[in-house]
file query_20.pdb (PDB, C-alpha atoms and all ligand atoms)
MODEL        1
ATOM      1  CA  MET U 210      23.510   3.262 -18.134
ATOM      2  CA  ALA U 211      21.668   4.562 -15.107
ATOM      3  CA  VAL U 212      20.663   3.699 -11.576
ATOM      4  CA  PHE U 213      17.058   4.326 -10.549
ATOM      5  CA  GLU U 214      16.204   4.411  -6.877
ATOM      6  CA  GLY U 215      13.218   5.835  -5.062
ATOM      7  CA  ASN U 216      13.815   8.580  -2.523
ATOM      8  CA  PHE U 217      11.821  10.158   0.289
ATOM      9  CA  THR U 218      11.991  13.795  -0.740
ATOM     10  CA  HIS U 219       9.832  15.903  -3.050
ATOM     11  CA  THR U 220       6.681  14.252  -1.775
ATOM     12  CA  GLU U 221       4.425  17.263  -2.119
ATOM     13  CA  HIS U 222       2.736  16.094  -5.339
ATOM     14  CA  LEU U 223       2.311  12.431  -4.407
ATOM     15  CA  LYS U 224      -1.130  10.907  -3.923
ATOM     16  CA  PHE U 225      -1.826   7.704  -2.000
ATOM     17  CA  ALA U 226      -4.789   5.520  -1.150
ATOM     18  CA  ILE U 227      -4.874   3.264   1.898
ATOM     19  CA  VAL U 228      -7.270   0.303   1.787
ATOM     20  CA  SER U 229      -7.623  -1.190   5.235
ATOM     21  CA  GLY U 230      -9.474  -4.199   6.583
ATOM     22  CA  ARG U 231     -11.511  -3.784   9.754
ATOM     23  CA  PHE U 232     -10.851  -7.350  10.927
ATOM     24  CA  ASN U 233      -8.559  -7.457  13.987
ATOM     25  CA  ASP U 234      -9.267  -3.815  14.671
ATOM     26  CA  LEU U 235      -6.883  -3.563  17.631
ATOM     27  CA  ILE U 236      -3.934  -4.415  15.387
ATOM     28  CA  MET U 237      -5.282  -2.498  12.425
ATOM     29  CA  SER U 238      -5.568   0.804  14.240
ATOM     30  CA  LYS U 239      -1.899   0.556  15.256
ATOM     31  CA  LEU U 240      -0.760  -0.362  11.732
ATOM     32  CA  MET U 241      -2.710   2.597  10.379
ATOM     33  CA  GLN U 242      -1.111   4.890  12.956
ATOM     34  CA  GLY U 243       2.384   3.717  11.987
ATOM     35  CA  CYS U 244       1.662   4.053   8.291
ATOM     36  CA  LYS U 245       0.273   7.594   8.616
ATOM     37  CA  ASP U 246       3.212   8.551  10.831
ATOM     38  CA  ALA U 247       5.722   7.459   8.156
ATOM     39  CA  LEU U 248       3.877   9.369   5.447
ATOM     40  CA  GLN U 249       3.385  12.489   7.558
ATOM     41  CA  ARG U 250       7.008  12.648   8.670
ATOM     42  CA  HIS U 251       8.003  12.628   5.018
ATOM     43  CA  GLY U 252       5.874  15.600   4.120
ATOM     44  CA  ILE U 253       2.584  13.956   3.173
ATOM     45  CA  ASN U 254      -0.587  15.689   4.316
ATOM     46  CA  VAL U 255      -2.557  12.758   5.766
ATOM     47  CA  SER U 256      -5.709  14.749   6.522
ATOM     48  CA  GLU U 257      -8.913  12.929   5.613
ATOM     49  CA  ILE U 258     -10.473  16.197   4.469
ATOM     50  CA  ASP U 259      -8.013  17.940   2.188
ATOM     51  CA  GLY U 260      -4.875  15.798   2.256
ATOM     52  CA  GLN U 261      -2.881  13.643  -0.137
ATOM     53  CA  VAL U 262      -4.328  10.347   1.089
ATOM     54  CA  ASP U 263      -7.708   8.725   0.478
ATOM     55  CA  TYR U 264      -8.829   6.067   2.944
ATOM     56  CA  VAL U 265     -11.057   3.123   2.090
ATOM     57  CA  LEU U 266     -12.283   0.687   4.733
ATOM     58  CA  VAL U 267     -13.233  -2.891   3.847
ATOM     59  CA  PRO U 268     -14.388  -5.840   6.004
ATOM     60  CA  GLY U 269     -11.113  -7.786   5.913
ATOM     61  CA  SER U 270      -7.834  -8.436   4.142
ATOM     62  CA  PHE U 271      -9.574 -10.627   1.568
ATOM     63  CA  GLU U 272     -11.397  -7.597   0.165
ATOM     64  CA  THR U 273      -8.357  -5.331  -0.090
ATOM     65  CA  PRO U 274      -7.053  -6.382  -3.547
ATOM     66  CA  MET U 275     -10.306  -5.778  -5.364
ATOM     67  CA  ILE U 276     -10.635  -2.248  -4.035
ATOM     68  CA  ALA U 277      -6.920  -1.532  -4.494
ATOM     69  CA  ARG U 278      -7.227  -2.513  -8.149
ATOM     70  CA  GLN U 279     -10.221  -0.215  -8.638
ATOM     71  CA  LEU U 280      -8.371   2.664  -7.033
ATOM     72  CA  ALA U 281      -5.145   2.041  -8.949
ATOM     73  CA  ALA U 282      -6.999   1.869 -12.251
ATOM     74  CA  THR U 283      -8.254   5.434 -11.842
ATOM     75  CA  GLY U 284      -4.722   6.706 -12.395
ATOM     76  CA  ASN U 285      -5.239   9.072  -9.460
ATOM     77  CA  TYR U 286      -2.685   7.519  -7.114
ATOM     78  CA  ASP U 287       1.091   7.135  -7.146
ATOM     79  CA  ALA U 288       0.783   4.126  -4.857
ATOM     80  CA  VAL U 289      -1.911   2.213  -3.033
ATOM     81  CA  ILE U 290      -1.307   0.620   0.366
ATOM     82  CA  CYS U 291      -3.296  -2.429   1.461
ATOM     83  CA  LEU U 292      -3.308  -2.789   5.238
ATOM     84  CA  GLY U 293      -4.534  -5.926   6.962
ATOM     85  CA  ALA U 294      -3.858  -8.339   9.788
ATOM     86  CA  VAL U 295      -4.483 -12.037   9.304
ATOM     87  CA  ILE U 296      -4.055 -14.076  12.465
ATOM     88  CA  ARG U 297      -4.120 -17.871  12.408
ATOM     89  CA  GLY U 298      -7.119 -19.521  14.028
ATOM     90  CA  GLN U 299      -7.977 -23.184  14.394
ATOM     91  CA  THR U 300      -9.036 -23.975  10.842
ATOM     92  CA  PRO U 301      -7.405 -23.604   7.394
ATOM     93  CA  HIS U 302      -9.217 -20.262   6.938
ATOM     94  CA  PHE U 303      -5.981 -18.337   7.567
ATOM     95  CA  ASP U 304      -4.325 -19.801   4.468
ATOM     96  CA  TYR U 305      -7.194 -18.842   2.203
ATOM     97  CA  VAL U 306      -7.495 -15.270   3.455
ATOM     98  CA  ALA U 307      -3.750 -14.595   3.541
ATOM     99  CA  GLY U 308      -3.102 -16.414   0.258
ATOM    100  CA  GLU U 309      -5.822 -14.656  -1.688
ATOM    101  CA  ALA U 310      -4.846 -11.272  -0.283
ATOM    102  CA  ALA U 311      -1.229 -11.784  -1.378
ATOM    103  CA  LYS U 312      -2.123 -13.117  -4.823
ATOM    104  CA  GLY U 313      -4.766 -10.473  -5.391
ATOM    105  CA  ILE U 314      -2.497  -7.604  -4.440
ATOM    106  CA  ALA U 315       0.278  -8.868  -6.708
ATOM    107  CA  ALA U 316      -2.165  -9.310  -9.581
ATOM    108  CA  ALA U 317      -3.675  -5.857  -9.101
ATOM    109  CA  ALA U 318      -0.252  -4.218  -9.196
ATOM    110  CA  PHE U 319       0.732  -6.173 -12.317
ATOM    111  CA  GLN U 320      -2.524  -5.352 -14.062
ATOM    112  CA  THR U 321      -2.518  -1.641 -13.315
ATOM    113  CA  GLY U 322       1.184  -0.795 -13.279
ATOM    114  CA  VAL U 323       0.628   1.097 -10.027
ATOM    115  CA  PRO U 324       2.632   0.065  -6.933
ATOM    116  CA  ILE U 325       0.319  -1.688  -4.492
ATOM    117  CA  ILE U 326       1.970  -2.321  -1.161
ATOM    118  CA  PHE U 327       1.429  -5.684   0.535
ATOM    119  CA  GLY U 328       0.793  -4.240   3.968
ATOM    120  CA  ILE U 329      -0.837  -7.374   5.338
ATOM    121  CA  ILE U 330       0.748  -8.910   8.389
ATOM    122  CA  THR U 331       0.301 -12.676   8.630
ATOM    123  CA  ALA U 332       0.839 -13.919  12.161
ATOM    124  CA  ASP U 333       0.511 -17.283  13.857
ATOM    125  CA  THR U 334      -0.541 -15.678  17.138
ATOM    126  CA  MET U 335      -1.986 -12.443  18.478
ATOM    127  CA  GLN U 336       1.301 -11.916  20.318
ATOM    128  CA  GLN U 337       3.224 -11.998  17.033
ATOM    129  CA  ALA U 338       0.768  -9.541  15.525
ATOM    130  CA  LEU U 339       1.003  -7.152  18.476
ATOM    131  CA  GLU U 340       4.790  -7.234  18.313
ATOM    132  CA  ARG U 341       4.590  -6.095  14.699
ATOM    133  CA  ALA U 342       1.965  -3.462  15.379
ATOM    134  CA  GLY U 343       3.767  -1.284  17.853
ATOM    135  CA  ILE U 344       4.971  -3.379  20.793
ATOM    136  CA  LYS U 345       8.371  -4.102  19.215
ATOM    137  CA  SER U 346       8.225  -2.429  15.843
ATOM    138  CA  ASN U 347       5.399  -1.120  13.749
ATOM    139  CA  LYS U 348       5.121  -2.677  10.296
ATOM    140  CA  GLY U 349       2.686   0.069   9.363
ATOM    141  CA  TRP U 350       5.621   2.468   9.323
ATOM    142  CA  GLU U 351       7.527   0.180   6.933
ATOM    143  CA  PHE U 352       4.529  -0.102   4.630
ATOM    144  CA  GLY U 353       4.266   3.700   4.483
ATOM    145  CA  MET U 354       7.963   3.942   3.636
ATOM    146  CA  ASN U 355       7.617   1.242   0.979
ATOM    147  CA  ALA U 356       4.815   3.252  -0.630
ATOM    148  CA  LEU U 357       6.877   6.451  -0.636
ATOM    149  CA  GLU U 358       9.853   4.659  -2.170
ATOM    150  CA  MET U 359       7.846   2.953  -4.893
ATOM    151  CA  ALA U 360       5.878   6.099  -5.753
ATOM    152  CA  SER U 361       9.130   7.996  -6.128
ATOM    153  CA  LEU U 362      10.761   5.208  -8.146
ATOM    154  CA  MET U 363       7.844   5.025 -10.571
ATOM    155  CA  GLN U 364       7.952   8.769 -11.016
ATOM    156  CA  GLN U 365      11.646   8.622 -11.866
ATOM    157  CA  LEU U 366      11.119   5.784 -14.329
ATOM    158  CA  ARG U 367       8.340   7.708 -16.055
ATOM    159  CA  GLN U 368      10.517  10.766 -16.293
ATOM    160  CA  SER U 369      13.503   8.883 -17.705
ATOM    161  CA  ASP U 370      14.071   9.498 -21.381
ATOM    162  CA  ASN U 371      14.219   5.836 -22.345
ATOM    163  CA  GLY U 372      10.568   5.142 -21.588
ATOM    164  CA  ILE U 373      11.045   2.549 -18.835
ATOM    165  CA  GLY U 374       8.000   3.831 -16.985
ATOM    166  CA  PHE U 375       5.872   2.969 -20.018
ATOM    167  CA  ALA U 376       7.562  -0.281 -20.984
ATOM    168  CA  LEU U 377       4.572  -2.633 -20.775
ATOM    169  CA  PRO U 378       2.271  -3.214 -23.743
ATOM    170  CA  GLY U 379      -0.768  -0.989 -23.301
ATOM    171  CA  ASP U 380       0.885   1.103 -20.602
ATOM    172  CA  ARG U 381      -0.511   4.264 -22.108
ATOM    173  CA  MET U 382      -4.077   3.064 -21.613
ATOM    174  CA  THR U 383      -6.120   5.014 -19.090
ATOM    175  CA  ALA U 384      -6.134   2.177 -16.578
ATOM    176  CA  ILE U 385      -2.387   2.205 -16.240
ATOM    177  CA  ALA U 386      -1.576   5.807 -16.936
ATOM    178  CA  PRO U 387       0.658   7.648 -14.468
ATOM    179  CA  ALA U 388      -1.108   9.371 -11.616
ATOM    180  CA  LYS U 389      -2.910  12.425 -12.995
ATOM    181  CA  THR U 390      -1.363  14.594 -10.348
ATOM    182  CA  ALA U 391       2.206  13.422 -10.911
ATOM    183  CA  ASP U 392       4.759  16.199 -10.994
ATOM    184  CA  PRO U 393       5.598  16.705 -14.681
ATOM    185  CA  GLY U 394       9.128  17.438 -13.603
TER
HETATM  186  N1  LIG U 401      -9.870 -14.057   9.648
HETATM  187  C1  LIG U 401      -9.453 -12.881   9.142
HETATM  188  C2  LIG U 401     -10.170 -12.225   8.145
HETATM  189  N2  LIG U 401     -11.308 -12.759   7.677
HETATM  190  C3  LIG U 401     -12.271 -12.029   6.924
HETATM  191  C4  LIG U 401     -11.978 -11.982   5.444
HETATM  192  O1  LIG U 401     -10.914 -11.100   5.178
HETATM  193  C5  LIG U 401     -13.184 -11.481   4.683
HETATM  194  O2  LIG U 401     -13.522 -10.198   5.110
HETATM  195  C6  LIG U 401     -14.410 -12.391   4.833
HETATM  196  O3  LIG U 401     -14.064 -13.707   4.529
HETATM  197  C7  LIG U 401     -15.523 -11.943   3.854
HETATM  198  O4  LIG U 401     -15.119 -12.017   2.503
HETATM  199  N3  LIG U 401      -9.732 -11.045   7.648
HETATM  200  C8  LIG U 401      -8.579 -10.478   8.110
HETATM  201  O5  LIG U 401      -8.187  -9.392   7.643
HETATM  202  N4  LIG U 401      -7.871 -11.092   9.088
HETATM  203  C9  LIG U 401      -8.276 -12.282   9.616
HETATM  204  O6  LIG U 401      -7.566 -12.806  10.523
HETATM  205  C1  LIG U 402      -7.339 -15.948   9.897
HETATM  206  C2  LIG U 402      -8.540 -16.689  10.193
HETATM  207  O1  LIG U 402      -9.062 -17.238   9.319
HETATM  208  C3  LIG U 402      -9.052 -16.822  11.570
HETATM  209  O2  LIG U 402      -9.331 -15.621  12.175
HETATM  210  C4  LIG U 402     -10.261 -17.713  11.573
HETATM  211  O3  LIG U 402     -10.208 -18.482  12.715
HETATM  212  P1  LIG U 402     -10.661 -20.008  12.721
HETATM  213  O4  LIG U 402      -9.742 -20.738  11.776
HETATM  214  O5  LIG U 402     -10.437 -20.446  14.155
HETATM  215  O6  LIG U 402     -12.077 -20.048  12.288
ENDMDL
END
call {"tool": "encode", "arguments": {"input": "query_20.pdb", "output": "structure tokens", "more": "lines below"}}
Ligand SMILES: Nc1c(NC[C@H](O)[C@H](O)[C@H](O)CO)[nH]c(=O)[nH]c1=O
Ligand SMILES: CC(=O)[C@@H](O)COP(=O)(O)O
result
Amino acid sequence: MAVFEGNFTHTEHLKFAIVSGRFNDLIMSKLMQGCKDALQRHGINVSEIDGQVDYVLVPGSFETPMIARQLAATGNYDAVICLGAVIRGQTPHFDYVAGEAAKGIAAAAFQTGVPIIFGIITADTMQQALERAGIKSNKGWEFGMNALEMASLMQQLRQSDNGIGFALPGDRMTAIAPAKTADPG
């Protein structure tokens, strides 16, 4: 038997995409900062020009799953990170935006076989959001770490000799192939 666990080393071949909503920009810019910081401090070149990360901006959290799915289906990324901040207002709108973002991200990851990180904070108040975007801790950092861990785990599963990384029916189809740039080992 074996134990598979993602690690935070050997990151030089990993490719990521970050899909971020513009809504609640004050919070979003801090989450993005934290996320990039986590990636950079683990060896990822986060440059927008010639780095290991592609950045896609969308209007809000609701739009993140659709774009994440498109990106994941290219097979170009070891993990995709969806960043968003949904803050409760006075109407039921919060539940629809947050709910669809969560469901959509889960579905996109299931459909593509690529880790898609649920980097959407859902807060009842602006204060709660600020506390999670740098005042107390920065969830963006955690989301970056989650992406590194999952990218590494998937790589290990693909490289295992019992085919776990390709265990789903149709996993060898283009849409759910391993990232083209993955280190062959
Ligand atoms: N209220 C919040 C939104 N709303 C916008 C939606 O995400 C979406 O862009 C719009 O409904 C068009 O489809 N988005 C957030 O990320 N955070 C919010 O608090
Ligand atoms: C998360 C939301 O939907 C929120 O920003 C919208 O506010 P409201 O419910 O007051 O329209």
call {"tool": "residues_near_ligand", "arguments": {"input": "query_20.pdb", "ligand": "ligand LIG 401 (chain U)", "cutoff": "6 Å", "atoms": "only C-alpha atoms and all ligand atoms", "output": "PDB file with C-alpha atoms, keeping the file's coordinate frame"}}
result
ATOM      1  CA  GLY U 230      -9.474  -4.199   6.583  1.00  0.00           C
ATOM      2  CA  PHE U 232     -10.851  -7.350  10.927  1.00  0.00           C
ATOM      3  CA  PRO U 268     -14.388  -5.840   6.004  1.00  0.00           C
ATOM      4  CA  GLY U 269     -11.113  -7.786   5.913  1.00  0.00           C
ATOM      5  CA  SER U 270      -7.834  -8.436   4.142  1.00  0.00           C
ATOM      6  CA  PHE U 271      -9.574 -10.627   1.568  1.00  0.00           C
ATOM      7  CA  GLU U 272     -11.397  -7.597   0.165  1.00  0.00           C
ATOM      8  CA  GLY U 293      -4.534  -5.926   6.962  1.00  0.00           C
ATOM      9  CA  ALA U 294      -3.858  -8.339   9.788  1.00  0.00           C
ATOM     10  CA  VAL U 295      -4.483 -12.037   9.304  1.00  0.00           C
ATOM     11  CA  ILE U 296      -4.055 -14.076  12.465  1.00  0.00           C
ATOM     12  CA  VAL U 306      -7.495 -15.270   3.455  1.00  0.00           C
TER      13      VAL U 306
END
call {"tool": "residues_near_ligand", "arguments": {"input": "query_20.pdb", "ligand": "ligand LIG 402 (chain U)", "cutoff": "12 Å", "atoms": "only C-alpha atoms and all ligand atoms", "output": "PyMOL selection string"}}
result
chain U and resi 232-233+269-271+293-310+329-335+338
call {"tool": "closest_residue", "arguments": {"input": "query_20.pdb", "among": "U:Gln242, U:Ser361, U:Gln368, U:Gln320", "to": "Gly349 in chain U", "atoms": "all atoms listed in the file"}}
result
U:Gln242
call {"tool": "residues_near_point", "arguments": {"input": "query_20.pdb", "point": "(-3.9, -8.4, -9.2)", "cutoff": "12 Å", "atoms": "only C-alpha atoms", "output": "NGL selection string"}}
result
:U and (273-279 or 281-282 or 309-327)
call {"tool": "closest_atom_pairs", "arguments": {"input": "query_20.pdb", "of": "range 271-334 of chain U", "to": "range 257-263 of chain U", "cutoff": "12 Å", "atoms": "only C-alpha atoms", "output": "CSV"}}
result
residue,atom,partner,partner_atom,distance
U:Ala277,CA,U:Asp263,CA,11.4
U:Leu280,CA,U:Asp263,CA,9.7
U:Ala281,CA,U:Asp263,CA,11.8
U:Asn285,CA,U:Asp263,CA,10.2
U:Tyr286,CA,U:Val262,CA,8.8
U:Asp287,CA,U:Gln261,CA,10.4
U:Ala288,CA,U:Val262,CA,10.0
U:Val289,CA,U:Asp263,CA,9.4
U:Ile290,CA,U:Val262,CA,10.2
call {"tool": "atom_distance", "arguments": {"input": "query_20.pdb", "atom1": "CA of Ile373 in chain U", "atom2": "CA of Thr220 in chain U"}}
result
21.1 Å
call {"tool": "closest_residue", "arguments": {"input": "query_20.pdb", "among": "U:Thr218, U:Gln336, U:Asn347, U:Thr283", "to": "Leu240 in chain U", "atoms": "only C-alpha atoms"}}
result
U:Asn347
call {"tool": "closest_residue", "arguments": {"input": "query_20.pdb", "among": "U:Gln249, U:Glu351, U:Arg341, U:Cys244", "to": "Val228 in chain U", "atoms": "only C-alpha atoms"}}
result
U:Cys244
call {"tool": "closest_residue", "arguments": {"input": "query_20.pdb", "among": "U:Leu362, U:Val212, U:Leu223, U:Ile236", "to": "Ile344 in chain U", "atoms": "all atoms listed in the file"}}
result
U:Ile236
call {"tool": "atom_distance", "arguments": {"input": "query_20.pdb", "atom1": "CA of Val265 in chain U", "atom2": "CA of Gly353 in chain U"}}
result
15.5 Å
call {"tool": "decode", "arguments": {"input": "query_20.pdb", "residues": "range 293-313 of chain U", "atoms": "N, CA, C and O atoms", "output": "tab-separated table (two decimals), in the first residue's frame"}}
result
chain	number	residue	atom	x	y	z
U	293	GLY	N	-12.64	35.00	-4.85
U	293	GLY	CA	-13.80	35.87	-4.83
U	293	GLY	C	-14.13	36.25	-3.39
U	293	GLY	O	-13.63	35.66	-2.43
U	294	ALA	N	-14.97	37.27	-3.27
U	294	ALA	CA	-15.42	37.70	-1.95
U	294	ALA	C	-16.91	38.01	-2.06
U	294	ALA	O	-17.30	38.95	-2.77
U	295	VAL	N	-17.70	37.19	-1.40
U	295	VAL	CA	-19.15	37.44	-1.40
U	295	VAL	C	-19.54	37.92	0.00
U	295	VAL	O	-19.28	37.24	0.99
U	296	ILE	N	-20.11	39.11	0.03
U	296	ILE	CA	-20.45	39.71	1.34
U	296	ILE	C	-21.97	39.93	1.39
U	296	ILE	O	-22.55	40.51	0.46
U	297	ARG	N	-22.58	39.45	2.45
U	297	ARG	CA	-24.04	39.48	2.57
U	297	ARG	C	-24.57	40.91	2.54
U	297	ARG	O	-24.00	41.81	3.16
U	298	GLY	N	-25.63	41.09	1.75
U	298	GLY	CA	-26.29	42.39	1.72
U	298	GLY	C	-27.63	42.29	2.43
U	298	GLY	O	-27.74	41.59	3.44
U	299	GLN	N	-28.65	42.96	1.84
U	299	GLN	CA	-29.94	42.96	2.53
U	299	GLN	C	-30.95	42.01	1.91
U	299	GLN	O	-32.05	41.83	2.44
U	300	THR	N	-30.62	41.44	0.80
U	300	THR	CA	-31.55	40.56	0.08
U	300	THR	C	-30.96	39.15	0.00
U	300	THR	O	-29.79	38.94	0.37
U	301	PRO	N	-31.73	38.20	-0.54
U	301	PRO	CA	-31.20	36.82	-0.66
U	301	PRO	C	-30.11	36.65	-1.72
U	301	PRO	O	-29.63	35.54	-1.94
U	302	HIS	N	-29.71	37.73	-2.36
U	302	HIS	CA	-28.72	37.64	-3.45
U	302	HIS	C	-27.46	36.88	-3.05
U	302	HIS	O	-26.90	36.08	-3.81
U	303	PHE	N	-27.00	37.12	-1.83
U	303	PHE	CA	-25.79	36.47	-1.30
U	303	PHE	C	-25.83	34.95	-1.51
U	303	PHE	O	-24.87	34.34	-1.97
U	304	ASP	N	-26.99	34.37	-1.15
U	304	ASP	CA	-27.09	32.90	-1.19
U	304	ASP	C	-26.98	32.36	-2.61
U	304	ASP	O	-26.38	31.32	-2.84
U	305	TYR	N	-27.53	33.12	-3.55
U	305	TYR	CA	-27.45	32.67	-4.94
U	305	TYR	C	-26.01	32.76	-5.47
U	305	TYR	O	-25.51	31.83	-6.09
U	306	VAL	N	-25.38	33.89	-5.21
U	306	VAL	CA	-24.01	34.08	-5.74
U	306	VAL	C	-23.06	33.07	-5.09
U	306	VAL	O	-22.33	32.35	-5.78
U	307	ALA	N	-23.11	33.00	-3.76
U	307	ALA	CA	-22.18	32.11	-3.05
U	307	ALA	C	-22.48	30.64	-3.39
U	307	ALA	O	-21.56	29.85	-3.64
U	308	GLY	N	-23.77	30.31	-3.43
U	308	GLY	CA	-24.16	28.92	-3.69
U	308	GLY	C	-23.75	28.47	-5.08
U	308	GLY	O	-23.19	27.38	-5.25
U	309	GLU	N	-24.01	29.31	-6.07
U	309	GLU	CA	-23.67	28.92	-7.44
U	309	GLU	C	-22.16	28.86	-7.64
U	309	GLU	O	-21.66	28.02	-8.37
U	310	ALA	N	-21.45	29.76	-6.99
U	310	ALA	CA	-19.98	29.73	-7.11
U	310	ALA	C	-19.45	28.41	-6.54
U	310	ALA	O	-18.65	27.72	-7.17
U	311	ALA	N	-19.94	28.03	-5.38
U	311	ALA	CA	-19.47	26.79	-4.74
U	311	ALA	C	-19.83	25.57	-5.59
U	311	ALA	O	-18.98	24.71	-5.85
U	312	LYS	N	-21.09	25.51	-6.02
U	312	LYS	CA	-21.52	24.35	-6.82
U	312	LYS	C	-20.77	24.28	-8.14
U	312	LYS	O	-20.34	23.23	-8.59
U	313	GLY	N	-20.63	25.45	-8.76
U	313	GLY	CA	-19.97	25.50	-10.07
U	313	GLY	C	-18.51	25.09	-10.00
U	313	GLY	O	-18.01	24.37	-10.87
